[in-house]
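Right, one structure below, let's go through it.
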Amino acid sequence: PYAAFHVRRGDYLKYPELYAAVTERSYLDAYDRFDCDLPIRWVREEDANDWMADFRTLIGATVLFRANSTFSWWASVLSDATTYSPIVAGKTGMCDCEFVEGNWPRLCNATFVTDLHLPE
C-alpha cells in the first residue's frame, strides 16, 4: 500500500494563463488533511524515464492524489484507488489548491473547458 502524488508541469508552466500548476505543498497539505499515513511515491515528469512505469505506479496506488491532468485522471478511472483531485477552477500559474475526494474532471481554465459533471 502507498499513496501516489502525480505532479504535472511540462506545458502547464509554458502556458500559465491556461493551466494551474499545483504546488507540492498542496499535495502534502491534502495528505495531512485526509489523514493519510501511507508511504508516498512521487510521480513527476522530470523524474520520468518510462511513462508506462509511471502510469502503473499511479494505477497501483491505494490512495491517488492526482494532478489536473488526463494522465492521472485515466489512472484513477482504471484503478481501485481512493482518489483526491485538485480544484483548479479560477486558478492559473503555480498555485496552492485544495483537494477533494473523487476524480474531479476539470483540468484547466481554458474557455473551451466546462464543468464536466453529469447531473445525478
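By convention here, the chains of the C-alpha cells are called A, B, ... in the order presented, each chain's residues are numbered starting at 1, and ligands are numbered starting at 1 in the order presented.
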Within 6 Å of range 87-104 of chain A, counting only C-alpha atoms, which residues show up once you throw out same-chain ones fewer than 3 positions away? Write them as a CSV table (one decimal) with all heavy atoms, in the first residue's frame, please.
```csv
chain,number,residue,atom,x,y,z
A,16,PRO,N,1.0,29.5,-18.5
A,16,PRO,CA,0.4,29.7,-17.1
A,16,PRO,C,-0.9,30.5,-17.2
A,16,PRO,O,-1.6,30.4,-16.2
A,16,PRO,CB,1.5,30.6,-16.4
A,16,PRO,CG,2.2,31.2,-17.5
A,16,PRO,CD,2.2,30.3,-18.7
A,17,GLU,N,-1.3,31.1,-18.3
A,17,GLU,CA,-2.6,31.8,-18.4
A,17,GLU,C,-3.7,30.7,-18.6
A,17,GLU,O,-4.9,31.1,-18.3
A,17,GLU,CB,-2.6,32.8,-19.5
A,17,GLU,CG,-2.5,32.2,-20.9
A,17,GLU,CD,-1.1,31.8,-21.4
A,17,GLU,OE1,-0.1,31.9,-20.6
A,17,GLU,OE2,-1.0,31.2,-22.5
A,19,TYR,N,-3.3,27.1,-17.5
A,19,TYR,CA,-3.2,26.0,-16.6
A,19,TYR,C,-2.7,26.3,-15.2
A,19,TYR,O,-1.9,27.2,-15.0
A,19,TYR,CB,-2.2,24.9,-17.1
A,19,TYR,CG,-2.6,24.4,-18.5
A,19,TYR,CD1,-1.9,24.8,-19.6
A,19,TYR,CD2,-3.6,23.5,-18.6
A,19,TYR,CE1,-2.2,24.3,-20.9
A,19,TYR,CE2,-4.0,23.0,-19.9
A,19,TYR,CZ,-3.3,23.4,-21.0
A,19,TYR,OH,-3.6,22.9,-22.2
A,20,ALA,N,-3.3,25.6,-14.2
A,20,ALA,CA,-2.8,25.7,-12.8
A,20,ALA,C,-1.7,24.6,-12.6
A,20,ALA,O,-2.0,23.4,-13.0
A,20,ALA,CB,-3.9,25.5,-11.9
A,21,ALA,N,-0.6,25.0,-12.1
A,21,ALA,CA,0.4,24.0,-11.7
A,21,ALA,C,0.4,24.0,-10.2
A,21,ALA,O,0.7,24.9,-9.5
A,21,ALA,CB,1.8,24.5,-12.2
A,22,VAL,N,-0.1,22.8,-9.7
A,22,VAL,CA,-0.4,22.7,-8.3
A,22,VAL,C,0.9,22.5,-7.5
A,22,VAL,O,1.8,21.7,-7.9
A,22,VAL,CB,-1.3,21.4,-8.1
A,22,VAL,CG1,-1.6,21.2,-6.6
A,22,VAL,CG2,-2.6,21.5,-8.9
A,23,THR,N,1.1,23.3,-6.5
A,23,THR,CA,2.3,23.2,-5.7
A,23,THR,C,2.4,21.9,-5.0
A,23,THR,O,1.4,21.2,-4.6
A,23,THR,CB,2.4,24.3,-4.6
A,23,THR,OG1,1.3,24.1,-3.7
A,23,THR,CG2,2.3,25.7,-5.3
A,26,SER,N,0.7,21.7,-1.7
A,26,SER,CA,-0.7,21.4,-1.8
A,26,SER,C,-1.0,19.9,-1.6
A,26,SER,O,-1.9,19.5,-0.9
A,26,SER,CB,-1.4,21.9,-3.1
A,26,SER,OG,-1.3,23.3,-3.2
A,83,THR,N,-9.3,8.4,-4.7
A,83,THR,CA,-8.7,9.5,-5.4
A,83,THR,C,-9.1,10.8,-4.8
A,83,THR,O,-10.2,11.1,-4.4
A,83,THR,CB,-9.1,9.4,-6.9
A,83,THR,OG1,-8.7,8.2,-7.5
A,83,THR,CG2,-8.5,10.6,-7.7
A,84,TYR,N,-8.1,11.7,-4.8
A,84,TYR,CA,-8.3,13.1,-4.4
A,84,TYR,C,-7.8,14.0,-5.5
A,84,TYR,O,-6.7,13.7,-6.1
A,84,TYR,CB,-7.5,13.4,-3.1
A,84,TYR,CG,-8.0,12.6,-1.9
A,84,TYR,CD1,-7.3,11.5,-1.5
A,84,TYR,CD2,-9.2,13.0,-1.3
A,84,TYR,CE1,-7.8,10.7,-0.5
A,84,TYR,CE2,-9.6,12.2,-0.2
A,84,TYR,CZ,-9.0,11.1,0.2
A,84,TYR,OH,-9.4,10.3,1.2
```
Excluding range 71-75 of chain A and residues on its chain fewer than 2 positions from it, collect all residues at most 12 Å away from it, counting only C-alpha atoms, and give them as a PyMOL selection string. chain A and resi 4-8+43-45+51-69+77-86+102-107
What does the file look like for those residues with N, CA and C atoms, as a short mmCIF file (atom, residue, chain, number, x, y, z; two decimals), in the first residue's frame?
```
data_model
loop_
_atom_site.label_atom_id
_atom_site.label_comp_id
_atom_site.auth_asym_id
_atom_site.auth_seq_id
_atom_site.Cartn_x
_atom_site.Cartn_y
_atom_site.Cartn_z
N ALA A 4 0.20 7.75 -4.03
CA ALA A 4 0.93 8.30 -5.17
C ALA A 4 0.52 9.76 -5.36
N PHE A 5 1.51 10.61 -5.59
CA PHE A 5 1.29 12.02 -5.89
C PHE A 5 1.73 12.25 -7.34
N HIS A 6 0.79 12.62 -8.22
CA HIS A 6 1.15 12.93 -9.60
C HIS A 6 1.31 14.43 -9.75
N VAL A 7 2.51 14.86 -10.04
CA VAL A 7 2.83 16.29 -10.21
C VAL A 7 3.01 16.55 -11.70
N ARG A 8 2.17 17.42 -12.26
CA ARG A 8 2.22 17.75 -13.68
C ARG A 8 2.79 19.15 -13.86
N VAL A 43 5.33 10.96 -8.48
CA VAL A 43 5.46 10.75 -9.93
C VAL A 43 5.51 12.13 -10.56
N ARG A 44 6.71 12.47 -11.04
CA ARG A 44 6.96 13.77 -11.65
C ARG A 44 7.52 13.58 -13.05
N GLU A 45 7.13 14.45 -13.96
CA GLU A 45 7.64 14.36 -15.33
C GLU A 45 9.16 14.43 -15.39
N TRP A 51 7.03 6.29 -19.25
CA TRP A 51 5.67 6.73 -18.93
C TRP A 51 4.80 5.57 -18.46
N MET A 52 5.02 4.37 -18.98
CA MET A 52 4.21 3.23 -18.57
C MET A 52 4.48 2.86 -17.11
N ALA A 53 5.73 2.92 -16.70
CA ALA A 53 6.05 2.64 -15.29
C ALA A 53 5.38 3.67 -14.39
N ASP A 54 5.38 4.94 -14.80
CA ASP A 54 4.70 5.98 -14.02
C ASP A 54 3.21 5.71 -13.95
N PHE A 55 2.63 5.33 -15.08
CA PHE A 55 1.19 5.05 -15.14
C PHE A 55 0.84 3.87 -14.23
N ARG A 56 1.67 2.85 -14.26
CA ARG A 56 1.44 1.69 -13.38
C ARG A 56 1.57 2.07 -11.91
N THR A 57 2.49 2.96 -11.60
CA THR A 57 2.61 3.44 -10.21
C THR A 57 1.33 4.13 -9.78
N LEU A 58 0.76 4.97 -10.64
CA LEU A 58 -0.47 5.67 -10.31
C LEU A 58 -1.64 4.71 -10.18
N ILE A 59 -1.77 3.79 -11.12
CA ILE A 59 -2.88 2.82 -11.08
C ILE A 59 -2.78 1.91 -9.86
N GLY A 60 -1.57 1.57 -9.46
CA GLY A 60 -1.38 0.64 -8.34
C GLY A 60 -1.49 1.26 -6.96
N ALA A 61 -1.67 2.56 -6.89
CA ALA A 61 -1.73 3.24 -5.59
C ALA A 61 -2.99 2.84 -4.82
N THR A 62 -2.86 2.85 -3.52
CA THR A 62 -4.01 2.67 -2.64
C THR A 62 -4.78 3.98 -2.57
N VAL A 63 -4.02 5.08 -2.50
CA VAL A 63 -4.58 6.43 -2.49
C VAL A 63 -3.84 7.23 -3.56
N LEU A 64 -4.61 7.90 -4.41
CA LEU A 64 -4.02 8.68 -5.51
C LEU A 64 -4.37 10.15 -5.34
N PHE A 65 -3.36 10.97 -5.19
CA PHE A 65 -3.51 12.42 -5.21
C PHE A 65 -3.09 12.82 -6.62
N ARG A 66 -4.09 13.08 -7.47
CA ARG A 66 -3.77 13.26 -8.88
C ARG A 66 -3.56 14.72 -9.24
N ALA A 67 -2.94 14.90 -10.38
CA ALA A 67 -2.76 16.24 -10.94
C ALA A 67 -4.01 16.61 -11.73
N ASN A 68 -4.07 17.84 -12.16
CA ASN A 68 -5.13 18.26 -13.08
C ASN A 68 -4.65 17.90 -14.49
N SER A 69 -4.63 16.60 -14.72
CA SER A 69 -4.05 16.04 -15.93
C SER A 69 -4.85 14.82 -16.37
N VAL A 77 -9.44 6.39 -13.16
CA VAL A 77 -10.55 5.65 -13.77
C VAL A 77 -10.24 4.15 -13.80
N LEU A 78 -8.99 3.81 -14.10
CA LEU A 78 -8.60 2.42 -14.28
C LEU A 78 -8.12 1.73 -13.00
N SER A 79 -8.18 2.42 -11.87
CA SER A 79 -7.68 1.84 -10.62
C SER A 79 -8.79 1.72 -9.59
N ASP A 80 -8.44 1.10 -8.49
CA ASP A 80 -9.34 1.00 -7.34
C ASP A 80 -8.95 1.98 -6.25
N ALA A 81 -8.06 2.91 -6.56
CA ALA A 81 -7.55 3.85 -5.56
C ALA A 81 -8.63 4.81 -5.08
N THR A 82 -8.51 5.20 -3.84
CA THR A 82 -9.26 6.35 -3.36
C THR A 82 -8.55 7.56 -3.96
N THR A 83 -9.30 8.38 -4.68
CA THR A 83 -8.69 9.48 -5.43
C THR A 83 -9.05 10.82 -4.83
N TYR A 84 -8.06 11.70 -4.78
CA TYR A 84 -8.26 13.09 -4.39
C TYR A 84 -7.76 13.96 -5.54
N SER A 85 -8.56 14.96 -5.91
CA SER A 85 -8.27 15.81 -7.06
C SER A 85 -8.14 17.27 -6.65
N PRO A 86 -7.25 18.01 -7.32
CA PRO A 86 -7.12 19.43 -7.02
C PRO A 86 -8.25 20.23 -7.67
N GLY A 102 -12.55 12.27 -4.95
CA GLY A 102 -13.20 11.96 -6.22
C GLY A 102 -12.32 12.35 -7.40
N ASN A 103 -12.71 11.88 -8.56
CA ASN A 103 -11.94 12.12 -9.78
C ASN A 103 -12.52 13.32 -10.52
N TRP A 104 -12.41 14.49 -9.91
CA TRP A 104 -12.93 15.75 -10.42
C TRP A 104 -12.40 15.99 -11.83
N PRO A 105 -13.26 16.26 -12.82
CA PRO A 105 -12.81 16.28 -14.20
C PRO A 105 -12.25 17.60 -14.73
N ARG A 106 -12.41 18.72 -14.05
CA ARG A 106 -11.92 19.97 -14.64
C ARG A 106 -10.39 20.02 -14.52
N LEU A 107 -9.73 20.29 -15.66
CA LEU A 107 -8.28 20.21 -15.69
C LEU A 107 -7.59 21.54 -15.94
#
```
Out of range 2-115 of chain A, which residues get strand (DSSP E or B) from DSSP, as a ChimeraX atom specification? /A:3-7,20-22,40-44,63-65,82-86,93-95,99-101
Pick from A:Thr70, A:Arg9, A:Ala3, A:Ser76, whichever lies nearest to Phe34 in chain A using only C-alpha atoms: A:Ala3
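Atom pair CA of Tyr2 in chain A / CA of Pro39 in chain A has a distance of 5.0 Å (rounded to one decimal).
With CA of Leu28 in chain A on one side and CA of Pro1 in chain A on the other, the separation reads 17.5 Å.
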Secondary structure check, alpha helix (DSSP H) residues of range 41-109 of chain A, as a PyMOL selection string: chain A and resi 51-59+70-77
Dump C-alpha atoms for the selected residues as a tab-separated table (two decimals), in the first residue's frame?
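Final file, again.tsv:
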```
chain	number	residue	atom	x	y	z
A	51	TRP	CA	5.67	6.73	-18.93
A	52	MET	CA	4.21	3.23	-18.57
A	53	ALA	CA	6.05	2.64	-15.29
A	54	ASP	CA	4.70	5.98	-14.02
A	55	PHE	CA	1.19	5.05	-15.14
A	56	ARG	CA	1.44	1.69	-13.38
A	57	THR	CA	2.61	3.44	-10.21
A	58	LEU	CA	-0.47	5.67	-10.31
A	59	ILE	CA	-2.88	2.82	-11.08
A	70	THR	CA	-5.71	13.46	-18.15
A	71	PHE	CA	-2.78	11.12	-17.41
A	72	SER	CA	-3.67	10.74	-13.74
A	73	TRP	CA	-7.40	11.19	-14.43
A	74	TRP	CA	-7.26	8.00	-16.53
A	75	ALA	CA	-5.09	6.28	-13.92
A	76	SER	CA	-7.85	6.94	-11.40
A	77	VAL	CA	-10.55	5.65	-13.77
```
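CA of Arg41 in chain A sits 22.4 Å away from CA of Leu13 in chain A.
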